[in-house]
Amino acid sequence: MIEEIKLNELNQWVERLSREELVWLNGYVSGILKNSLREGTKNVALQGKVTIVYGTETGNSKKLATEFVSKARKQGLQAKLSGLDQYRLSDLAKEENLVVVISTHGDGEPPAAAKKFFNHIFESELALSRLRYGVLALGDTAYPLFCKAGEEVDTRLENLGGKRILPLQKCDVEYQESAEEWFQELVRSFSTNRIELGVQTRTQNKIGRRVYNGKLLSKVNLNATGSLKETYHFEIAADDLIYEPGDAVGIIPKNSIKEVERIIQLLGITEDQIISYKEKEYQLVDLLTDKLSISYLSDRVVKKYATIVQQNIPGVRLDLIDLLKIYPPSSEKQVAEIIQSLEPIVPRLYSISSSPKVHEGEVHLTVTRNCFHIDGVTRRGLCSDYLARLEEETSIEFYVHKNLQFKLPAGDKDILMIGPGTGIAPFRAFVEERVSTGATGRSWLFFGDQHFHSDFLYQTEWQDYLKTGGLTKMNVAFSRDQQEKVYVQHKLLQHATEIYEWIEGGAHLYVCGAKSMSADVENILLEIIGVDGKKSEEEAQLYLNRLAEDGRYVKDVY
């Protein structure tokens, strides 16, 4: 309210103004008010503390959270940053303002680094009535469970008594603009103490990824005769191609036409039948071939199928063909419901194994044709089998998936690379890039597979790099060439002292490959740090954590 003396002075002054002057004054004051709101906290002294936490796999959430903290501090807030893997869980009940930036991966899963936090909030009955919070979820609309991890955190914090500062913000792969707008609105809320309730989500970012229409130039099986594997090197050309070493390629595979034809036969409808799916119309054969997942269905899809056909179906993953054979639908209505219950084909990500500086206009991939056995039946991975069946000169659509975390350091820094099997892919790109840019830092590669003679991927290239200095050192482990199995982690232990010296000297450490391998490697690294660094188990873990926080220990695991 205006003080009485000021109000009297204002009234006396306004009385002397003409109608035109009053109209002008109205616009002038409105402009000042709008500018004040737009500027947010520039003209309002902000008070309060906010903790900004992130859960990330590829580095995007960490990057955004770090930017948010910087901007919050410039606006006068006391902002604290923490990764969810480092966040002290006992602090949650004490927080007043919490911002969670979290991505979703795989089958709607949170990042590995956020699982401890997830377990804590879902397994504990916390009292969070004093908590004000906001959740920004990063995801990819190509996946059926878009931003699922963020949705779950947002709902759970509300159920535990927290109050939203802003509704959940869901962002697609091009997230920067919508994330920035959301955070600016969140900061402004601190000056107004405004809390929005009821509305659960905001409009997500509408900007999609860039899809390239490429051509398969070359496909070569890297495994020699006698190998139990098929590992293919693919070279794909595309116009205006932009990527960096460390990035991945996303490919949406197509289903086998033979399998699709059999499903159509079992459904009892014609392949040219027009089907509406997610507000678009398709011919049935195109929908089943290009859009819908029909193999190794998830538990939730099998449960939906069981409900539709009113059958008690075991909670196991099955192919659609198997379900249709064993539990056939009994009506056209059930057939329609079954089709609608199917989920879109999920893109598969493959680490890029080339440098754009060396292979302009091309992207290379290293992919093992995945084979596994269920109930004595051999099955193949959908995307790896799709790629392996492609003929040269075939068109192929893909997109580039940025990985802001798995990146090369400055050229004068040393790098240690651990990548058995197809985990070798990004390191081929790394070495190509370093050679092309004349990097002076040393490079040390650890590679492993089953047999030296049949499974030494890119053997000639590595030998050439060792001769010419493009690669400083290389150690290999072939597990099946001797009675006792030897893996890359064993080779690391054999060179423990020198590895620790490299790390102490500022080397960046990279691990790529299967999660199980990554866990074994990390245990050995902790042992090396403990023994050669003369540290306790706790000190060794803190040392490795600091390397990760500084971006000197990064993983790309699957």
# chains A, B, ... in the order shown; residues from 1 in each chain; ligands from 1

call {"tool": "residues_around", "arguments": {"residues": "Asp449 of chain A", "least_positions_apart": "3", "cutoff": "8 Å", "atoms": "only C-alpha atoms", "output": "list in words"}}
result
Pro420, Gly421, Phe452, Asp455, Phe456, Ala477, Phe478, Ser479 and Tyr487 of chain A

call {"tool": "residues_around", "arguments": {"residues": "Glu527 of chain A", "least_positions_apart": "2", "cutoff": "9 Å", "atoms": "only C-alpha atoms", "output": "mmCIF file with N, CA and C atoms, in the first residue's frame"}}
result
data_model
loop_
_atom_site.group_PDB
_atom_site.id
_atom_site.type_symbol
_atom_site.label_atom_id
_atom_site.label_comp_id
_atom_site.auth_asym_id
_atom_site.auth_seq_id
_atom_site.Cartn_x
_atom_site.Cartn_y
_atom_site.Cartn_z
ATOM 1 N N LEU A 493 45.861 -54.546 -13.284
ATOM 2 C CA LEU A 493 46.556 -54.844 -12.031
ATOM 3 C C LEU A 493 48.041 -55.105 -12.265
ATOM 4 N N ALA A 496 49.831 -51.728 -12.308
ATOM 5 C CA ALA A 496 49.223 -50.866 -11.299
ATOM 6 C C ALA A 496 50.050 -49.616 -11.004
ATOM 7 N N GLU A 522 36.318 -51.009 -12.043
ATOM 8 C CA GLU A 522 36.334 -50.013 -10.972
ATOM 9 C C GLU A 522 36.882 -50.584 -9.677
ATOM 10 N N ASN A 523 36.560 -51.833 -9.384
ATOM 11 C CA ASN A 523 37.105 -52.475 -8.176
ATOM 12 C C ASN A 523 38.627 -52.552 -8.241
ATOM 13 N N ILE A 524 39.151 -52.858 -9.417
ATOM 14 C CA ILE A 524 40.610 -52.934 -9.580
ATOM 15 C C ILE A 524 41.227 -51.536 -9.474
ATOM 16 N N LEU A 525 40.575 -50.550 -10.038
ATOM 17 C CA LEU A 525 41.094 -49.179 -9.925
ATOM 18 C C LEU A 525 41.152 -48.738 -8.469
ATOM 19 N N ILE A 529 44.518 -47.609 -6.536
ATOM 20 C CA ILE A 529 44.605 -46.328 -5.830
ATOM 21 C C ILE A 529 44.924 -46.549 -4.357
ATOM 22 N N GLY A 530 44.324 -47.599 -3.775
ATOM 23 C CA GLY A 530 44.567 -47.883 -2.373
ATOM 24 C C GLY A 530 45.988 -48.329 -2.097
ATOM 25 N N VAL A 531 46.486 -49.261 -2.919
ATOM 26 C CA VAL A 531 47.823 -49.831 -2.681
ATOM 27 C C VAL A 531 48.919 -48.846 -3.092
ATOM 28 N N ASP A 532 48.876 -48.395 -4.340
ATOM 29 C CA ASP A 532 49.952 -47.533 -4.830
ATOM 30 C C ASP A 532 49.846 -46.108 -4.299
ATOM 31 N N GLU A 537 40.353 -47.767 2.116
ATOM 32 C CA GLU A 537 39.257 -48.009 1.174
ATOM 33 C C GLU A 537 38.403 -46.758 0.996
ATOM 34 N N ALA A 540 40.379 -44.150 -0.982
ATOM 35 C CA ALA A 540 40.465 -44.525 -2.395
ATOM 36 C C ALA A 540 39.162 -44.206 -3.122
#

call {"tool": "residues_around", "arguments": {"residues": "segment 504-510 of chain A", "least_positions_apart": "6", "cutoff": "12 Å", "atoms": "only C-alpha atoms", "output": "PDB file with C-alpha atoms, in the first residue's frame"}}
result
ATOM      1  CA  GLY A 246      32.377 -39.717 -27.776  1.00  0.00           C
ATOM      2  CA  GLN A 405      30.573 -36.127 -20.602  1.00  0.00           C
ATOM      3  CA  PHE A 406      32.493 -38.695 -22.664  1.00  0.00           C
ATOM      4  CA  LYS A 407      34.782 -36.235 -24.425  1.00  0.00           C
ATOM      5  CA  LEU A 408      38.506 -35.864 -25.082  1.00  0.00           C
ATOM      6  CA  PRO A 409      40.512 -33.463 -22.896  1.00  0.00           C
ATOM      7  CA  ALA A 410      42.993 -30.895 -24.183  1.00  0.00           C
ATOM      8  CA  GLY A 411      45.557 -32.316 -26.599  1.00  0.00           C
ATOM      9  CA  ASP A 412      48.420 -32.130 -24.104  1.00  0.00           C
ATOM     10  CA  LYS A 413      46.629 -34.340 -21.542  1.00  0.00           C
ATOM     11  CA  ASP A 414      47.320 -38.078 -21.203  1.00  0.00           C
ATOM     12  CA  ILE A 415      44.428 -40.521 -21.669  1.00  0.00           C
ATOM     13  CA  LEU A 416      43.892 -44.065 -20.363  1.00  0.00           C
ATOM     14  CA  MET A 417      41.264 -46.017 -22.344  1.00  0.00           C
ATOM     15  CA  ILE A 418      39.699 -49.309 -21.223  1.00  0.00           C
ATOM     16  CA  GLY A 419      37.391 -50.883 -23.807  1.00  0.00           C
ATOM     17  CA  PRO A 420      36.974 -54.639 -24.278  1.00  0.00           C
ATOM     18  CA  GLY A 423      33.767 -50.961 -26.004  1.00  0.00           C
ATOM     19  CA  ILE A 424      36.720 -50.253 -28.289  1.00  0.00           C
ATOM     20  CA  PRO A 426      34.857 -44.652 -29.054  1.00  0.00           C
ATOM     21  CA  PHE A 427      38.575 -45.153 -28.536  1.00  0.00           C
ATOM     22  CA  PHE A 430      39.553 -40.800 -29.884  1.00  0.00           C
ATOM     23  CA  GLY A 441      49.483 -36.122 -24.736  1.00  0.00           C
ATOM     24  CA  ARG A 442      50.226 -39.815 -24.255  1.00  0.00           C
ATOM     25  CA  SER A 443      47.586 -42.509 -24.860  1.00  0.00           C
ATOM     26  CA  TRP A 444      47.296 -45.994 -23.344  1.00  0.00           C
ATOM     27  CA  LEU A 445      44.706 -48.522 -24.527  1.00  0.00           C
ATOM     28  CA  PHE A 446      43.486 -51.693 -22.786  1.00  0.00           C
ATOM     29  CA  THR A 497      52.181 -48.653 -10.369  1.00  0.00           C
ATOM     30  CA  GLU A 498      52.486 -47.045 -13.806  1.00  0.00           C
ATOM     31  CA  SER A 518      32.857 -51.656 -15.699  1.00  0.00           C
ATOM     32  CA  VAL A 521      37.398 -52.524 -13.615  1.00  0.00           C
ATOM     33  CA  GLU A 522      36.334 -50.013 -10.972  1.00  0.00           C
ATOM     34  CA  LEU A 525      41.094 -49.179  -9.925  1.00  0.00           C
ATOM     35  CA  ILE A 528      45.376 -49.712  -7.412  1.00  0.00           C
ATOM     36  CA  ILE A 529      44.605 -46.328  -5.830  1.00  0.00           C
ATOM     37  CA  ASP A 532      49.952 -47.533  -4.830  1.00  0.00           C
ATOM     38  CA  GLY A 533      48.450 -44.367  -3.352  1.00  0.00           C
ATOM     39  CA  TYR A 543      39.857 -40.114  -4.689  1.00  0.00           C
ATOM     40  CA  LEU A 544      38.008 -41.871  -7.530  1.00  0.00           C
ATOM     41  CA  LEU A 547      38.279 -37.824 -10.509  1.00  0.00           C
ATOM     42  CA  ALA A 548      34.692 -38.362 -11.693  1.00  0.00           C
ATOM     43  CA  GLU A 549      33.562 -34.956 -10.421  1.00  0.00           C
ATOM     44  CA  ASP A 550      36.474 -33.309 -12.243  1.00  0.00           C
ATOM     45  CA  GLY A 551      35.570 -35.125 -15.482  1.00  0.00           C
ATOM     46  CA  ARG A 552      38.755 -37.206 -15.376  1.00  0.00           C
ATOM     47  CA  TYR A 553      37.017 -40.562 -14.828  1.00  0.00           C
ATOM     48  CA  VAL A 554      34.103 -41.136 -17.196  1.00  0.00           C
ATOM     49  CA  LYS A 555      32.190 -44.221 -18.268  1.00  0.00           C
ATOM     50  CA  ASP A 556      30.032 -45.168 -21.243  1.00  0.00           C
ATOM     51  CA  VAL A 557      28.509 -48.488 -20.218  1.00  0.00           C
TER      52      VAL A 557
END

call {"tool": "closest_residue", "arguments": {"among": "A:Asp481, A:Asp272, A:Glu158, A:Glu343", "to": "Tyr296 of chain A", "atoms": "only C-alpha atoms"}}
result
A:Glu343

call {"tool": "select_by_dssp", "arguments": {"residues": "segment 57-93 of chain A", "states": "alpha helix (DSSP H)", "output": "PyMOL selection string"}}
result
chain A and resi 60-74

call {"tool": "select_by_dssp", "arguments": {"residues": "segment 170-354 of chain A", "states": "strand (DSSP E)", "output": "tab-separated table (two decimals) with all heavy atoms, in the first residue's frame"}}
result
chain	number	residue	atom	x	y	z
A	170	LYS	N	9.13	-31.38	-18.66
A	170	LYS	CA	9.67	-32.50	-19.43
A	170	LYS	C	10.31	-31.96	-20.71
A	170	LYS	O	9.68	-31.23	-21.45
A	170	LYS	CB	8.56	-33.50	-19.76
A	170	LYS	CG	8.05	-34.22	-18.53
A	170	LYS	CD	6.69	-34.86	-18.70
A	170	LYS	CE	6.57	-35.79	-19.85
A	170	LYS	NZ	5.31	-36.53	-19.86
A	171	CYS	N	11.56	-32.33	-20.93
A	171	CYS	CA	12.32	-31.82	-22.08
A	171	CYS	C	12.76	-32.95	-22.99
A	171	CYS	O	13.23	-33.99	-22.53
A	171	CYS	CB	13.55	-31.06	-21.60
A	171	CYS	SG	13.20	-29.61	-20.60
A	211	VAL	N	17.19	-35.92	-37.90
A	211	VAL	CA	17.31	-37.28	-38.42
A	211	VAL	C	18.04	-37.24	-39.76
A	211	VAL	O	17.65	-36.50	-40.67
A	211	VAL	CB	15.93	-37.94	-38.58
A	211	VAL	CG1	16.07	-39.33	-39.20
A	211	VAL	CG2	15.22	-38.03	-37.23
A	212	TYR	N	19.10	-38.02	-39.86
A	212	TYR	CA	19.88	-38.09	-41.10
A	212	TYR	C	19.41	-39.27	-41.94
A	212	TYR	O	19.10	-40.35	-41.41
A	212	TYR	CB	21.37	-38.28	-40.79
A	212	TYR	CG	22.02	-37.12	-40.11
A	212	TYR	CD1	22.11	-37.06	-38.71
A	212	TYR	CD2	22.56	-36.07	-40.84
A	212	TYR	CE1	22.72	-36.00	-38.08
A	212	TYR	CE2	23.18	-35.00	-40.21
A	212	TYR	CZ	23.26	-34.97	-38.83
A	212	TYR	OH	23.86	-33.91	-38.21
A	213	ASN	N	19.34	-39.06	-43.24
A	213	ASN	CA	19.04	-40.15	-44.18
A	213	ASN	C	20.38	-40.55	-44.81
A	213	ASN	O	20.85	-39.93	-45.75
A	213	ASN	CB	18.05	-39.69	-45.25
A	213	ASN	CG	17.62	-40.83	-46.14
A	213	ASN	OD1	17.87	-42.00	-45.83
A	213	ASN	ND2	17.00	-40.52	-47.25
A	214	GLY	N	20.99	-41.59	-44.26
A	214	GLY	CA	22.32	-42.01	-44.70
A	214	GLY	C	22.30	-43.17	-45.66
A	214	GLY	O	21.25	-43.75	-45.95
A	215	LYS	N	23.50	-43.48	-46.16
A	215	LYS	CA	23.67	-44.62	-47.05
A	215	LYS	C	24.78	-45.50	-46.50
A	215	LYS	O	25.85	-45.00	-46.13
A	215	LYS	CB	24.03	-44.16	-48.46
A	215	LYS	CG	24.25	-45.31	-49.45
A	215	LYS	CD	24.72	-44.83	-50.80
A	215	LYS	CE	23.61	-44.11	-51.53
A	215	LYS	NZ	24.01	-43.75	-52.93
A	216	LEU	N	24.52	-46.80	-46.42
A	216	LEU	CA	25.52	-47.74	-45.93
A	216	LEU	C	26.58	-47.96	-47.01
A	216	LEU	O	26.31	-48.58	-48.04
A	216	LEU	CB	24.86	-49.06	-45.55
A	216	LEU	CG	25.79	-50.14	-45.00
A	216	LEU	CD1	26.53	-49.67	-43.76
A	216	LEU	CD2	25.01	-51.42	-44.70
A	217	LEU	N	27.79	-47.44	-46.77
A	217	LEU	CA	28.87	-47.56	-47.75
A	217	LEU	C	29.59	-48.89	-47.66
A	217	LEU	O	29.99	-49.46	-48.67
A	217	LEU	CB	29.90	-46.43	-47.53
A	217	LEU	CG	29.39	-45.00	-47.67
A	217	LEU	CD1	30.54	-44.04	-47.39
A	217	LEU	CD2	28.82	-44.76	-49.06
A	218	SER	N	29.75	-49.37	-46.41
A	218	SER	CA	30.57	-50.58	-46.23
A	218	SER	C	30.13	-51.31	-44.98
A	218	SER	O	29.73	-50.70	-43.98
A	218	SER	CB	32.05	-50.18	-46.11
A	218	SER	OG	32.85	-51.30	-45.83
A	219	LYS	N	30.19	-52.64	-45.05
A	219	LYS	CA	29.89	-53.50	-43.91
A	219	LYS	C	30.90	-54.63	-43.90
A	219	LYS	O	30.96	-55.42	-44.85
A	219	LYS	CB	28.47	-54.05	-44.00
A	219	LYS	CG	28.09	-54.96	-42.84
A	219	LYS	CD	26.68	-55.53	-43.00
A	219	LYS	CE	26.66	-56.63	-44.05
A	219	LYS	NZ	25.33	-57.30	-44.13
A	220	VAL	N	31.73	-54.72	-42.85
A	220	VAL	CA	32.80	-55.71	-42.79
A	220	VAL	C	32.72	-56.45	-41.47
A	220	VAL	O	32.63	-55.83	-40.40
A	220	VAL	CB	34.19	-55.05	-42.92
A	220	VAL	CG1	35.29	-56.10	-42.81
A	220	VAL	CG2	34.30	-54.31	-44.24
A	221	ASN	N	32.76	-57.79	-41.52
A	221	ASN	CA	32.83	-58.59	-40.30
A	221	ASN	C	34.26	-58.57	-39.79
A	221	ASN	O	35.18	-59.05	-40.45
A	221	ASN	CB	32.37	-60.02	-40.58
A	221	ASN	CG	32.30	-60.87	-39.32
A	221	ASN	OD1	32.64	-60.43	-38.22
A	221	ASN	ND2	31.86	-62.11	-39.47
A	231	THR	N	31.10	-59.40	-35.36
A	231	THR	CA	31.22	-57.99	-35.01
A	231	THR	C	31.46	-57.21	-36.29
A	231	THR	O	32.48	-57.40	-36.96
A	231	THR	CB	32.37	-57.75	-34.02
A	231	THR	OG1	32.19	-58.57	-32.87
A	231	THR	CG2	32.43	-56.28	-33.60
A	232	TYR	N	30.52	-56.33	-36.62
A	232	TYR	CA	30.57	-55.64	-37.90
A	232	TYR	C	31.07	-54.20	-37.75
A	232	TYR	O	30.73	-53.50	-36.79
A	232	TYR	CB	29.19	-55.62	-38.56
A	232	TYR	CG	28.75	-56.97	-39.05
A	232	TYR	CD1	27.96	-57.80	-38.25
A	232	TYR	CD2	29.14	-57.44	-40.31
A	232	TYR	CE1	27.56	-59.05	-38.70
A	232	TYR	CE2	28.74	-58.68	-40.76
A	232	TYR	CZ	27.95	-59.49	-39.95
A	232	TYR	OH	27.56	-60.73	-40.39
A	233	HIS	N	31.88	-53.80	-38.73
A	233	HIS	CA	32.28	-52.40	-38.88
A	233	HIS	C	31.42	-51.80	-39.99
A	233	HIS	O	31.44	-52.27	-41.13
A	233	HIS	CB	33.77	-52.32	-39.25
A	233	HIS	CG	34.22	-50.93	-39.61
A	233	HIS	ND1	34.48	-49.97	-38.67
A	233	HIS	CD2	34.46	-50.36	-40.82
A	233	HIS	CE1	34.86	-48.86	-39.28
A	233	HIS	NE2	34.86	-49.07	-40.58
A	234	PHE	N	30.63	-50.77	-39.63
A	234	PHE	CA	29.74	-50.12	-40.59
A	234	PHE	C	30.27	-48.73	-40.90
A	234	PHE	O	30.69	-48.00	-40.00
A	234	PHE	CB	28.32	-49.98	-40.02
A	234	PHE	CG	27.64	-51.29	-39.73
A	234	PHE	CD1	27.67	-51.84	-38.46
A	234	PHE	CD2	26.97	-51.97	-40.74
A	234	PHE	CE1	27.03	-53.04	-38.19
A	234	PHE	CE2	26.33	-53.18	-40.48
A	234	PHE	CZ	26.36	-53.72	-39.21
A	235	GLU	N	30.23	-48.36	-42.18
A	235	GLU	CA	30.57	-47.01	-42.61
A	235	GLU	C	29.35	-46.42	-43.31
A	235	GLU	O	28.88	-46.96	-44.30
A	235	GLU	CB	31.79	-47.02	-43.53
A	235	GLU	CG	33.03	-47.55	-42.83
A	235	GLU	CD	34.27	-47.55	-43.72
A	235	GLU	OE1	34.15	-47.17	-44.91
A	235	GLU	OE2	35.36	-47.91	-43.22
A	236	ILE	N	28.83	-45.31	-42.75
A	236	ILE	CA	27.59	-44.71	-43.23
A	236	ILE	C	27.87	-43.26	-43.64
A	236	ILE	O	28.50	-42.51	-42.88
A	236	ILE	CB	26.51	-44.74	-42.13
A	236	ILE	CG1	26.27	-46.20	-41.66
A	236	ILE	CG2	25.21	-44.12	-42.61
A	236	ILE	CD1	25.44	-46.31	-40.41
A	237	ALA	N	27.41	-42.89	-44.82
A	237	ALA	CA	27.59	-41.52	-45.31
A	237	ALA	C	26.28	-40.76	-45.20
A	237	ALA	O	25.20	-41.32	-45.37
A	237	ALA	CB	28.05	-41.53	-46.77
A	248	ALA	N	27.16	-40.82	-29.78
A	248	ALA	CA	26.62	-42.10	-30.22
A	248	ALA	C	25.63	-41.86	-31.37
A	248	ALA	O	25.20	-40.74	-31.60
A	248	ALA	CB	25.91	-42.82	-29.08
A	249	VAL	N	25.31	-42.92	-32.07
A	249	VAL	CA	24.30	-42.87	-33.12
A	249	VAL	C	23.07	-43.64	-32.63
A	249	VAL	O	23.19	-44.73	-32.07
A	249	VAL	CB	24.84	-43.49	-34.43
A	249	VAL	CG1	23.71	-43.99	-35.31
A	249	VAL	CG2	25.66	-42.46	-35.19
A	250	GLY	N	21.89	-43.04	-32.83
A	250	GLY	CA	20.65	-43.70	-32.49
A	250	GLY	C	19.98	-44.23	-33.74
A	250	GLY	O	19.80	-43.50	-34.72
A	251	ILE	N	19.64	-45.51	-33.71
A	251	ILE	CA	19.02	-46.16	-34.87
A	251	ILE	C	17.72	-46.82	-34.42
A	251	ILE	O	17.68	-47.52	-33.41
A	251	ILE	CB	19.97	-47.21	-35.49
A	251	ILE	CG1	21.19	-46.51	-36.10
A	251	ILE	CG2	19.24	-48.04	-36.55
A	251	ILE	CD1	22.24	-47.46	-36.64
A	274	ILE	N	-6.09	-50.18	-42.64
A	274	ILE	CA	-5.65	-48.90	-42.10
A	274	ILE	C	-5.89	-48.90	-40.58
A	274	ILE	O	-7.01	-49.15	-40.12
A	274	ILE	CB	-6.38	-47.73	-42.75
A	274	ILE	CG1	-6.12	-47.73	-44.26
A	274	ILE	CG2	-5.93	-46.41	-42.13
A	274	ILE	CD1	-4.66	-47.58	-44.65
A	275	ILE	N	-4.82	-48.64	-39.83
A	275	ILE	CA	-4.89	-48.65	-38.37
A	275	ILE	C	-4.50	-47.27	-37.85
A	275	ILE	O	-3.48	-46.70	-38.26
A	275	ILE	CB	-3.93	-49.71	-37.77
A	275	ILE	CG1	-4.25	-51.10	-38.32
A	275	ILE	CG2	-3.98	-49.69	-36.25
A	275	ILE	CD1	-5.56	-51.67	-37.88
A	276	SER	N	-5.28	-46.74	-36.92
A	276	SER	CA	-4.94	-45.49	-36.26
A	276	SER	C	-4.14	-45.80	-35.01
A	276	SER	O	-4.58	-46.58	-34.15
A	276	SER	CB	-6.20	-44.71	-35.90
A	276	SER	OG	-5.87	-43.51	-35.23
A	277	TYR	N	-2.93	-45.20	-34.92
A	277	TYR	CA	-2.08	-45.43	-33.75
A	277	TYR	C	-1.44	-44.10	-33.35
A	277	TYR	O	-0.76	-43.46	-34.15
A	277	TYR	CB	-0.98	-46.45	-34.08
A	277	TYR	CG	-0.09	-46.78	-32.92
A	277	TYR	CD1	-0.47	-47.71	-31.96
A	277	TYR	CD2	1.14	-46.15	-32.76
A	277	TYR	CE1	0.35	-48.01	-30.89
A	277	TYR	CE2	1.97	-46.45	-31.69
A	277	TYR	CZ	1.56	-47.38	-30.75
A	277	TYR	OH	2.38	-47.67	-29.68
A	280	LYS	N	-2.14	-41.10	-35.65
A	280	LYS	CA	-1.70	-41.18	-37.04
A	280	LYS	C	-2.23	-42.47	-37.64
A	280	LYS	O	-2.49	-43.44	-36.92
A	280	LYS	CB	-0.17	-41.14	-37.13
A	280	LYS	CG	0.44	-39.80	-36.75
A	280	LYS	CD	1.95	-39.80	-37.00
A	280	LYS	CE	2.56	-38.47	-36.65
A	280	LYS	NZ	4.04	-38.45	-36.89
A	281	GLU	N	-2.38	-42.48	-38.97
A	281	GLU	CA	-2.91	-43.67	-39.64
A	281	GLU	C	-1.81	-44.37	-40.44
A	281	GLU	O	-0.98	-43.72	-41.09
A	281	GLU	CB	-4.06	-43.28	-40.56
A	281	GLU	CG	-5.30	-42.81	-39.78
A	281	GLU	CD	-6.51	-42.65	-40.68
A	281	GLU	OE1	-6.32	-42.54	-41.92
A	281	GLU	OE2	-7.63	-42.65	-40.15
A	282	TYR	N	-1.81	-45.70	-40.36
A	282	TYR	CA	-0.82	-46.51	-41.04
A	282	TYR	C	-1.50	-47.74	-41.66
A	282	TYR	O	-2.53	-48.20	-41.15
A	282	TYR	CB	0.24	-47.04	-40.06
A	282	TYR	CG	0.95	-46.01	-39.24
A	282	TYR	CD1	0.42	-45.59	-38.00
A	282	TYR	CD2	2.15	-45.45	-39.66
A	282	TYR	CE1	1.07	-44.65	-37.23
A	282	TYR	CE2	2.81	-44.51	-38.88
A	282	TYR	CZ	2.28	-44.12	-37.67
A	282	TYR	OH	2.93	-43.19	-36.90
A	283	GLN	N	-0.89	-48.27	-42.72
A	283	GLN	CA	-1.26	-49.62	-43.14
A	283	GLN	C	-0.67	-50.57	-42.10
A	283	GLN	O	0.42	-50.35	-41.58
A	283	GLN	CB	-0.68	-49.94	-44.52
A	283	GLN	CG	-1.44	-49.29	-45.66
A	283	GLN	CD	-1.06	-49.89	-47.00
A	283	GLN	OE1	-0.08	-50.61	-47.13
A	283	GLN	NE2	-1.86	-49.59	-48.01
A	348	ARG	N	18.13	-47.80	-30.58
A	348	ARG	CA	19.33	-48.38	-29.98
A	348	ARG	C	20.48	-47.42	-30.22
A	348	ARG	O	20.63	-46.87	-31.31
A	348	ARG	CB	19.66	-49.73	-30.59
A	348	ARG	CG	19.00	-50.93	-29.92
A	348	ARG	CD	17.50	-50.91	-29.93
A	348	ARG	NE	16.92	-52.21	-29.56
A	348	ARG	CZ	15.64	-52.47	-29.54
A	348	ARG	NH1	14.77	-51.54	-29.84
A	348	ARG	NH2	15.21	-53.68	-29.20
A	349	LEU	N	21.29	-47.21	-29.18
A	349	LEU	CA	22.43	-46.31	-29.28
A	349	LEU	C	23.72	-47.09	-29.45
A	349	LEU	O	23.96	-48.07	-28.73
A	349	LEU	CB	22.52	-45.42	-28.04
A	349	LEU	CG	21.37	-44.44	-27.80
A	349	LEU	CD1	21.60	-43.68	-26.50
A	349	LEU	CD2	21.24	-43.47	-28.96
A	350	TYR	N	24.56	-46.65	-30.37
A	350	TYR	CA	25.86	-47.27	-30.61
A	350	TYR	C	26.94	-46.20	-30.60
A	350	TYR	O	26.82	-45.17	-31.29
A	350	TYR	CB	25.88	-48.01	-31.95
A	350	TYR	CG	24.90	-49.16	-32.01
A	350	TYR	CD1	23.67	-49.03	-32.66
A	350	TYR	CD2	25.18	-50.38	-31.39
A	350	TYR	CE1	22.76	-50.07	-32.70
A	350	TYR	CE2	24.27	-51.43	-31.43
A	350	TYR	CZ	23.07	-51.27	-32.08
A	350	TYR	OH	22.16	-52.31	-32.12
A	351	SER	N	27.99	-46.43	-29.83
A	351	SER	CA	29.10	-45.47	-29.77
A	351	SER	C	29.73	-45.32	-31.14
A	351	SER	O	29.96	-46.30	-31.85
A	351	SER	CB	30.16	-45.95	-28.77
A	351	SER	OG	29.63	-46.04	-27.47

call {"tool": "residues_around", "arguments": {"residues": "Lys115 of chain A", "least_positions_apart": "4", "cutoff": "9 Å", "atoms": "only C-alpha atoms", "output": "number ranges by chain"}}
result
A: 55, 84-85, 109-111, 119-120

call {"tool": "closest_atom_pairs", "arguments": {"of": "segment 132-242 of chain A", "to": "segment 61-72 of chain A", "cutoff": "10 Å", "atoms": "only C-alpha atoms", "output": "CSV"}}
result
residue,atom,partner,partner_atom,distance
A:Leu136,CA,A:Ser61,CA,9.0
A:Ala137,CA,A:Ser61,CA,8.6
A:Leu138,CA,A:Ser61,CA,7.3
A:Tyr175,CA,A:Leu64,CA,9.6
A:Gln176,CA,A:Leu64,CA,8.3
A:Ala179,CA,A:Leu64,CA,8.1
A:Glu180,CA,A:Phe68,CA,8.4
A:Phe183,CA,A:Phe68,CA,7.2
A:Gln184,CA,A:Lys71,CA,8.9
A:Leu186,CA,A:Ala72,CA,9.8
A:Val187,CA,A:Ala72,CA,7.0

call {"tool": "residues_around", "arguments": {"residues": "Arg300 of chain A", "least_positions_apart": "6", "cutoff": "12 Å", "atoms": "only C-alpha atoms", "output": "list in words"}}
result
Asp107, Gly108, Pro144, Leu145, Ala306, Thr307, Ile313, Pro314, Gly315, Val316, Arg317, Leu318, Ser341, Leu342 and Glu343 of chain A

call {"tool": "closest_residue", "arguments": {"among": "A:Lys148, A:Arg132, A:His105, A:Arg262", "to": "Pro167 of chain A", "atoms": "only C-alpha atoms"}}
result
A:Arg132

call {"tool": "residues_around", "arguments": {"residues": "Thr270 of chain A", "least_positions_apart": "4", "cutoff": "8 Å", "atoms": "only C-alpha atoms", "output": "list in words"}}
result
Ile264, Gln265 and Leu284 of chain A

call {"tool": "closest_residue", "arguments": {"among": "A:Glu96, A:Glu244, A:Glu391, A:Glu261", "to": "Glu362 of chain A", "atoms": "only C-alpha atoms"}}
result
A:Glu244

call {"tool": "residues_around", "arguments": {"residues": "Gln459 of chain A", "least_positions_apart": "5", "cutoff": "12 Å", "atoms": "only C-alpha atoms", "output": "list of chain:residue names"}}
result
A:Leu222, A:Asn223, A:Ala224, A:Ile424, A:Arg428, A:Phe447, A:Gly448, A:Asp449, A:Phe452, A:His453, A:Ser454, A:Asp464, A:Tyr465, A:Leu466, A:Met474, A:Val476
